[in-house]
>>> print(open('protein23.tsv').read())   # TSV, C-alpha atoms
chain	number	residue	atom	x	y	z
A	1	MET	CA	-4.58	14.24	-12.56
A	2	VAL	CA	-2.94	11.05	-11.26
A	3	ALA	CA	-4.46	9.67	-8.06
A	4	THR	CA	-1.91	9.18	-5.28
A	5	ALA	CA	-1.95	7.23	-2.03
A	6	GLY	CA	-0.22	6.86	1.30
A	7	ILE	CA	-0.29	3.94	3.74
A	8	ILE	CA	0.01	4.26	7.51
A	9	ILE	CA	0.74	1.10	9.50
A	10	ILE	CA	0.07	1.65	13.20
A	11	GLY	CA	1.42	-0.63	15.90
A	12	ASP	CA	4.27	-1.10	18.35
A	13	GLU	CA	4.17	-4.83	17.56
A	14	ILE	CA	5.30	-4.13	13.99
A	15	LEU	CA	8.16	-1.87	15.05
A	16	SER	CA	9.36	-4.35	17.67
A	17	GLY	CA	9.48	-7.19	15.17
A	18	ARG	CA	6.93	-9.32	17.03
A	19	THR	CA	4.55	-9.06	14.09
A	20	LYS	CA	5.54	-9.02	10.42
A	21	ASP	CA	3.76	-6.50	8.22
A	22	THR	CA	2.31	-7.81	4.97
A	23	ASN	CA	-0.34	-5.14	4.47
A	24	ILE	CA	1.89	-2.63	2.67
A	25	ASN	CA	2.79	-5.09	-0.07
A	26	TRP	CA	-0.82	-6.28	-0.47
A	27	ILE	CA	-2.28	-2.77	-0.70
A	28	ALA	CA	0.53	-1.62	-3.01
A	29	CYS	CA	-0.30	-4.40	-5.48
A	30	LYS	CA	-4.00	-3.51	-5.38
A	31	LEU	CA	-3.28	0.17	-5.96
A	32	ASP	CA	-0.91	-0.57	-8.84
A	33	HIS	CA	-3.65	-2.60	-10.51
A	34	LEU	CA	-6.08	0.31	-10.06
A	35	GLY	CA	-3.66	2.88	-11.50
A	36	ILE	CA	-3.22	4.68	-8.16
A	37	ARG	CA	0.36	5.72	-7.39
A	38	LEU	CA	1.53	4.74	-3.92
A	39	LYS	CA	3.86	7.54	-2.85
A	40	GLU	CA	4.65	6.74	0.75
A	41	ALA	CA	4.20	4.05	3.38
A	42	ARG	CA	5.05	4.68	7.01
A	43	ILE	CA	5.09	2.43	10.09
A	44	ILE	CA	4.44	4.34	13.30
A	45	PRO	CA	4.02	3.51	17.01
A	46	ASP	CA	0.86	3.53	19.12
A	47	LYS	CA	1.56	7.11	20.15
A	48	SER	CA	-1.22	9.70	19.93
A	49	ASP	CA	0.80	12.70	18.75
A	50	THR	CA	2.56	10.68	16.08
A	51	ILE	CA	-0.67	9.16	14.78
A	52	ILE	CA	-2.47	12.51	14.65
A	53	LYS	CA	0.38	14.34	12.91
A	54	THR	CA	0.91	11.53	10.40
A	55	ILE	CA	-2.78	11.38	9.51
A	56	GLN	CA	-2.94	15.14	9.01
A	57	ALA	CA	0.22	15.15	6.88
A	58	PHE	CA	-0.84	12.22	4.69
A	59	THR	CA	-4.46	13.28	4.16
A	60	GLY	CA	-3.29	16.75	3.13
A	61	GLN	CA	-0.80	15.35	0.66
A	62	TYR	CA	-2.37	12.31	-1.04
A	63	THR	CA	-5.64	11.53	-2.83
A	64	TYR	CA	-6.27	8.46	-0.67
A	65	VAL	CA	-4.82	7.39	2.66
A	66	PHE	CA	-5.13	3.90	4.15
A	67	SER	CA	-4.40	3.20	7.81
A	68	CYS	CA	-4.09	-0.30	9.25
A	69	GLY	CA	-4.20	-1.21	12.93
A	70	GLY	CA	-5.32	0.12	16.28
A	71	ILE	CA	-9.13	-0.19	16.02
A	72	GLY	CA	-9.60	-3.28	18.19
A	73	PRO	CA	-11.04	-3.62	21.73
A	74	THR	CA	-7.86	-3.34	23.81
A	75	HIS	CA	-6.53	-0.37	25.76
A	76	ASP	CA	-3.72	0.32	23.27
A	77	ASP	CA	-6.08	0.51	20.28
A	78	ILE	CA	-6.09	4.30	20.08
A	79	THR	CA	-6.36	4.92	16.35
A	80	THR	CA	-10.01	5.98	16.35
A	81	GLU	CA	-9.65	8.64	19.03
A	82	CYS	CA	-6.59	9.97	17.18
A	83	VAL	CA	-8.50	10.08	13.87
A	84	ALA	CA	-11.27	12.08	15.57
A	85	LYS	CA	-8.71	14.59	16.88
A	86	ALA	CA	-6.95	14.81	13.50
A	87	PHE	CA	-10.24	15.76	11.79
A	88	ASN	CA	-11.61	17.76	14.73
A	89	GLN	CA	-14.56	15.39	15.16
A	90	LYS	CA	-16.29	13.88	18.18
A	91	LEU	CA	-16.68	10.17	18.91
A	92	TYR	CA	-20.00	8.34	19.16
A	93	LYS	CA	-21.27	4.77	19.37
A	94	ASP	CA	-22.70	4.01	15.94
A	95	ALA	CA	-26.06	2.18	16.05
A	96	GLU	CA	-25.45	0.20	12.87
A	97	ALA	CA	-22.01	-0.87	14.05
A	98	MET	CA	-23.57	-1.99	17.34
A	99	ARG	CA	-26.22	-3.98	15.47
A	100	ARG	CA	-23.59	-5.79	13.39
A	101	LEU	CA	-21.45	-6.61	16.41
A	102	LYS	CA	-24.41	-7.83	18.51
A	103	LEU	CA	-25.45	-10.10	15.67
A	104	HIS	CA	-21.88	-11.37	15.33
A	105	TYR	CA	-21.56	-12.32	19.01
A	106	GLU	CA	-25.11	-13.61	19.36
A	107	GLY	CA	-25.24	-17.33	20.09
A	108	THR	CA	-21.54	-17.52	20.95
A	109	ASN	CA	-19.93	-17.99	24.33
A	110	VAL	CA	-18.14	-14.66	23.92
A	111	GLU	CA	-19.56	-11.78	25.96
A	112	PHE	CA	-20.35	-8.60	24.03
A	113	ASN	CA	-18.82	-6.53	26.80
A	114	GLU	CA	-17.86	-2.87	27.04
A	115	ALA	CA	-14.40	-3.52	25.59
A	116	ARG	CA	-15.88	-5.14	22.47
A	117	GLN	CA	-18.51	-2.41	22.19
A	118	LYS	CA	-15.58	-0.02	21.82
A	119	MET	CA	-15.28	-1.31	18.23
A	120	ALA	CA	-18.63	0.38	17.45
A	121	ILE	CA	-17.26	3.81	18.39
A	122	VAL	CA	-16.36	5.95	15.36
A	123	PRO	CA	-15.78	9.64	14.63
A	124	THR	CA	-18.71	11.80	13.60
A	125	ASN	CA	-18.82	12.53	9.87
A	126	SER	CA	-17.51	9.05	9.07
A	127	LYS	CA	-18.93	6.22	6.96
A	128	LEU	CA	-18.71	2.56	7.99
A	129	ILE	CA	-16.57	0.11	6.02
A	130	ASP	CA	-17.91	-3.45	5.90
A	131	ASN	CA	-15.98	-6.21	7.63
A	132	PRO	CA	-17.07	-9.57	6.17
A	133	VAL	CA	-14.65	-11.50	8.40
A	134	SER	CA	-15.28	-10.43	11.99
A	135	ALA	CA	-18.12	-7.84	11.73
A	136	ALA	CA	-16.30	-5.00	13.54
A	137	PRO	CA	-16.38	-2.27	10.89
A	138	GLY	CA	-13.71	0.08	9.72
A	139	TYR	CA	-14.68	3.53	8.52
A	140	ARG	CA	-13.93	6.28	6.03
A	141	ILE	CA	-13.61	9.93	6.93
A	142	GLU	CA	-12.91	12.28	4.03
A	143	ASN	CA	-9.98	10.70	2.13
A	144	LEU	CA	-8.87	8.42	4.97
A	145	PHE	CA	-9.84	4.74	5.07
A	146	VAL	CA	-9.33	3.13	8.47
A	147	PHE	CA	-8.83	-0.64	8.45
A	148	ALA	CA	-8.06	-3.34	10.97
A	149	GLY	CA	-4.46	-4.49	11.10
A	150	VAL	CA	-5.07	-8.26	10.83
A	151	PRO	CA	-4.30	-9.01	7.16
A	152	LYS	CA	-7.29	-11.25	6.32
A	153	ILE	CA	-9.68	-8.77	7.92
A	154	MET	CA	-8.01	-5.84	6.16
A	155	TRP	CA	-8.26	-7.64	2.79
A	156	GLY	CA	-12.01	-8.04	3.18
A	157	MET	CA	-12.43	-4.42	4.22
A	158	PHE	CA	-10.32	-3.14	1.33
A	159	ASP	CA	-12.24	-5.16	-1.26
A	160	SER	CA	-15.48	-3.63	0.02
A	161	ILE	CA	-14.31	-0.07	-0.77
A	162	LEU	CA	-12.92	-0.69	-4.26
A	163	THR	CA	-15.85	1.08	-5.92
A	164	GLU	CA	-14.98	4.24	-3.96
A	165	LEU	CA	-11.50	4.48	-5.50
A	166	THR	CA	-10.86	6.18	-8.81
A	167	GLY	CA	-7.61	5.23	-10.46
A	168	GLY	CA	-5.81	6.60	-13.46
A	169	LYS	CA	-3.80	5.29	-16.35
A	170	LYS	CA	-2.05	2.09	-15.33
A	171	LEU	CA	1.71	1.87	-15.44
A	172	LYS	CA	3.11	-0.50	-18.03
A	173	SER	CA	6.36	-2.29	-17.33
A	174	LYS	CA	9.20	-4.17	-18.98
A	175	THR	CA	12.20	-6.00	-17.57
A	176	VAL	CA	15.61	-6.12	-19.21
A	177	SER	CA	17.48	-9.12	-17.80
A	178	SER	CA	21.24	-9.19	-18.36
A	179	ASN	CA	24.42	-10.95	-17.30
A	180	VAL	CA	26.17	-7.61	-16.70
A	181	GLY	CA	26.96	-6.39	-13.18
A	182	GLU	CA	24.97	-3.45	-11.82
A	183	GLY	CA	28.10	-1.34	-11.28
A	184	LEU	CA	29.01	-1.46	-14.97
A	185	ILE	CA	25.73	0.00	-16.19
A	186	ALA	CA	24.75	2.30	-13.33
A	187	LYS	CA	25.91	5.52	-15.05
A	188	ASP	CA	24.27	4.54	-18.32
A	189	LEU	CA	20.98	3.85	-16.56
A	190	GLU	CA	21.09	7.30	-15.00
A	191	LYS	CA	21.58	8.85	-18.44
A	192	ILE	CA	18.73	6.83	-19.96
A	193	GLU	CA	16.37	7.82	-17.15
A	194	ASN	CA	17.29	11.47	-17.81
A	195	ASP	CA	16.69	11.01	-21.57
A	196	PHE	CA	13.36	9.27	-20.99
A	197	PHE	CA	11.97	11.48	-18.22
A	198	ASN	CA	8.60	9.66	-18.25
A	199	VAL	CA	10.18	6.25	-17.59
A	200	LYS	CA	11.13	5.11	-14.08
A	201	ILE	CA	14.04	2.67	-13.92
A	202	GLY	CA	15.08	0.34	-11.10
A	203	SER	CA	18.02	-2.06	-11.18
A	204	TYR	CA	18.16	-5.29	-9.18
A	205	PRO	CA	21.31	-7.44	-9.07
A	206	TYR	CA	20.84	-11.20	-8.87
A	207	PHE	CA	23.18	-13.98	-7.84
A	208	LYS	CA	22.80	-17.70	-8.35
A	209	PRO	CA	25.20	-20.65	-8.67
A	210	GLY	CA	27.41	-20.13	-11.69
A	211	SER	CA	26.10	-16.74	-12.74
A	212	PHE	CA	25.17	-13.22	-11.70
A	213	GLY	CA	23.77	-10.19	-13.44
A	214	THR	CA	21.25	-7.37	-13.27
A	215	SER	CA	17.54	-7.17	-13.98
A	216	ILE	CA	16.41	-3.67	-14.92
A	217	VAL	CA	12.72	-2.92	-14.40
A	218	LEU	CA	11.19	-0.04	-16.36
A	219	LYS	CA	7.77	1.51	-15.70
A	220	SER	CA	5.86	4.13	-17.66
A	221	GLU	CA	2.39	5.12	-18.86
A	222	ASP	CA	3.86	5.57	-22.35
A	223	GLU	CA	4.32	2.25	-24.21
A	224	ILE	CA	6.52	3.80	-26.92
A	225	SER	CA	8.93	5.47	-24.49
A	226	LEU	CA	9.02	2.26	-22.45
A	227	GLN	CA	10.02	0.16	-25.45
A	228	LYS	CA	12.62	2.67	-26.65
A	229	ALA	CA	14.21	2.93	-23.21
A	230	ALA	CA	14.34	-0.87	-22.90
A	231	GLU	CA	15.98	-1.14	-26.32
A	232	ALA	CA	18.50	1.55	-25.38
A	233	ILE	CA	19.44	-0.40	-22.25
A	234	LEU	CA	19.78	-3.63	-24.23
A	235	GLU	CA	22.06	-1.87	-26.72
A	236	ILE	CA	24.33	-0.69	-23.87
A	237	ILE	CA	24.48	-4.20	-22.44
A	238	ILE	CA	25.56	-5.62	-25.81
A	239	LYS	CA	28.21	-2.89	-26.24
A	240	LEU	CA	29.62	-3.89	-22.86
A	241	GLY	CA	30.00	-7.43	-24.18
A	242	GLY	CA	27.07	-8.80	-22.26
A	243	LYS	CA	23.84	-10.56	-23.17
A	244	GLY	CA	20.32	-9.47	-22.39
A	245	LYS	CA	16.64	-9.98	-23.13
A	246	ILE	CA	13.55	-7.80	-22.84
A	247	PHE	CA	10.54	-9.28	-21.04
A	248	ASP	CA	7.07	-7.82	-20.61
A	249	GLY	CA	6.02	-7.24	-17.02
A	250	ASN	CA	7.80	-6.17	-13.88
A	251	GLU	CA	8.97	-9.51	-12.57
A	252	ILE	CA	12.70	-9.65	-11.90
A	253	ASP	CA	13.88	-12.30	-14.33
A	254	ASP	CA	17.17	-14.03	-13.55
A	255	ARG	CA	16.93	-16.86	-16.05
A	256	SER	CA	20.13	-17.88	-17.80
A	257	LEU	CA	20.73	-15.84	-20.94
>>> encode(input="protein23.tsv", output="structure tokens")
Amino acid sequence: MVATAGIIIIGDEILSGRTKDTNINWIACKLDHLGIRLKEARIIPDKSDTIIKTIQAFTGQYTYVFSCGGIGPTHDDITTECVAKAFNQKLYKDAEAMRRLKLHYEGTNVEFNEARQKMAIVPTNSKLIDNPVSAAPGYRIENLFVFAGVPKIMWGMFDSILTELTGGKKLKSKTVSSNVGEGLIAKDLEKIENDFFNVKIGSYPYFKPGSFGTSIVLKSEDEISLQKAAEAILEIIIKLGGKGKIFDGNEIDDRSL
């Protein structure tokens, strides 16, 4: 069975445009390398009902769910209380989380006040996730991994839970780069994707001074089907009077042909 995943990005600052999200792309690349299929990513506001319903929907649908944001010390960091409600758990101040935070703030001029102690509060039935950057832990509850939203902190947290993730067969990929416009080959690509049901095909037009064309990215677990589909696309391009090349990998290649 193929492992699947969903990503939930929580924060009004993302939706307003004040903060640019980079976590989806970073996690997606990690999951692809592990052979875990990312099926959905959703950005939602700091609104309790929305967070609770999204967590319940995602955790019921995907093998792994990763949430980013809303576990800091401020009043609008409400993710943890929403997670507890979503899983019908209570909240408590975790002793180990408190120890880590006290040690982190010890010897600094920053007060370990009640607001910062909030970062030690987690749902019952959860397991702490290490935070090598700023000590305040994330946590796992069932198939949900709760991370901080700050990218560098999230990266450290994610790397600490890699051994808990079980991936599957990795997708292989090829790119067919051509000097043919996307509109000319769209119907043919649809037919090829129907003929090779285990190959996913995406087309990406490119434009640069003096030339334009289309790069077609193919992904599949089956190397033979992948190669045959790529060759079929190249044959169509040539029949249309165009030029094309097949490259290994999923990079969109717009080099001159």
>>> residues_around(input="protein23.tsv", residues="range 91-98 of chain A", least_positions_apart="5", cutoff="6 Å", atoms="all atoms listed in the file", output="PyMOL selection string")
chain A and resi 120-124
>>> residues_around(input="protein23.tsv", residues="Val150 in chain A", least_positions_apart="4", cutoff="9 Å", atoms="only C-alpha atoms", output="ChimeraX atom specification")
/A:23,68-69,154-155
>>> write_last_selection(input="protein23.tsv", atoms="C-alpha atoms", output="mmCIF file, keeping the file's coordinate frame")
data_model
loop_
_atom_site.group_PDB
_atom_site.id
_atom_site.type_symbol
_atom_site.label_atom_id
_atom_site.label_comp_id
_atom_site.auth_asym_id
_atom_site.auth_seq_id
_atom_site.Cartn_x
_atom_site.Cartn_y
_atom_site.Cartn_z
ATOM 1 C CA ASN A 23 -0.340 -5.140 4.470
ATOM 2 C CA CYS A 68 -4.090 -0.300 9.250
ATOM 3 C CA GLY A 69 -4.200 -1.210 12.930
ATOM 4 C CA MET A 154 -8.010 -5.840 6.160
ATOM 5 C CA TRP A 155 -8.260 -7.640 2.790
#
>>> atom_distance(input="protein23.tsv", atom1="CA of Met119 in chain A", atom2="CA of Thr74 in chain A")
9.5 Å
>>> atom_distance(input="protein23.tsv", atom1="CA of Ile161 in chain A", atom2="CA of Ile24 in chain A")
16.8 Å
>>> atom_distance(input="protein23.tsv", atom1="CA of Ile9 in chain A", atom2="CA of Thr79 in chain A")
10.6 Å
>>> residues_around(input="protein23.tsv", residues="Arg116 in chain A", least_positions_apart="6", cutoff="9 Å", atoms="all atoms listed in the file", output="tab-separated table (two decimals) with C-alpha atoms, in the coordinates of the input")
chain	number	residue	atom	x	y	z
A	72	GLY	CA	-9.60	-3.28	18.19
A	73	PRO	CA	-11.04	-3.62	21.73
A	74	THR	CA	-7.86	-3.34	23.81
A	101	LEU	CA	-21.45	-6.61	16.41
A	136	ALA	CA	-16.30	-5.00	13.54
>>> closest_residue(input="protein23.tsv", among="A:Asn194, A:Ser211, A:Ser48, A:Gln227", to="Ile10 in chain A", atoms="all atoms listed in the file")
A:Ser48
>>> closest_residue(input="protein23.tsv", among="A:Phe87, A:Ile224, A:Ala28, A:Asp77", to="Gln56 in chain A", atoms="only C-alpha atoms")
A:Phe87
>>> residues_around(input="protein23.tsv", residues="Ile216 in chain A", least_positions_apart="4", cutoff="6 Å", atoms="all atoms listed in the file", output="mmCIF file with C-alpha atoms, in the frame of the given file")
data_model
loop_
_atom_site.group_PDB
_atom_site.id
_atom_site.type_symbol
_atom_site.label_atom_id
_atom_site.label_comp_id
_atom_site.auth_asym_id
_atom_site.auth_seq_id
_atom_site.Cartn_x
_atom_site.Cartn_y
_atom_site.Cartn_z
ATOM 1 C CA THR A 175 12.200 -6.000 -17.570
ATOM 2 C CA VAL A 176 15.610 -6.120 -19.210
ATOM 3 C CA GLY A 202 15.080 0.340 -11.100
ATOM 4 C CA SER A 203 18.020 -2.060 -11.180
#
>>> axis_aligned_box(input="protein23.tsv", around="range 220-234 of chain A", padding_each_side="4 Å", output="JSON")
{"center_x": 11.1, "center_y": 1.0, "center_z": -22.3, "size_x": 25.4, "size_y": 17.2, "size_z": 17.3}
>>> closest_residue(input="protein23.tsv", among="A:Ala84, A:Leu165, A:Ile43, A:Leu38", to="Ser67 in chain A", atoms="all atoms listed in the file")
A:Ile43
>>> residues_around(input="protein23.tsv", residues="Pro205 in chain A", least_positions_apart="3", cutoff="8 Å", atoms="all atoms listed in the file", output="number ranges by chain")
A: 181-182, 212-215
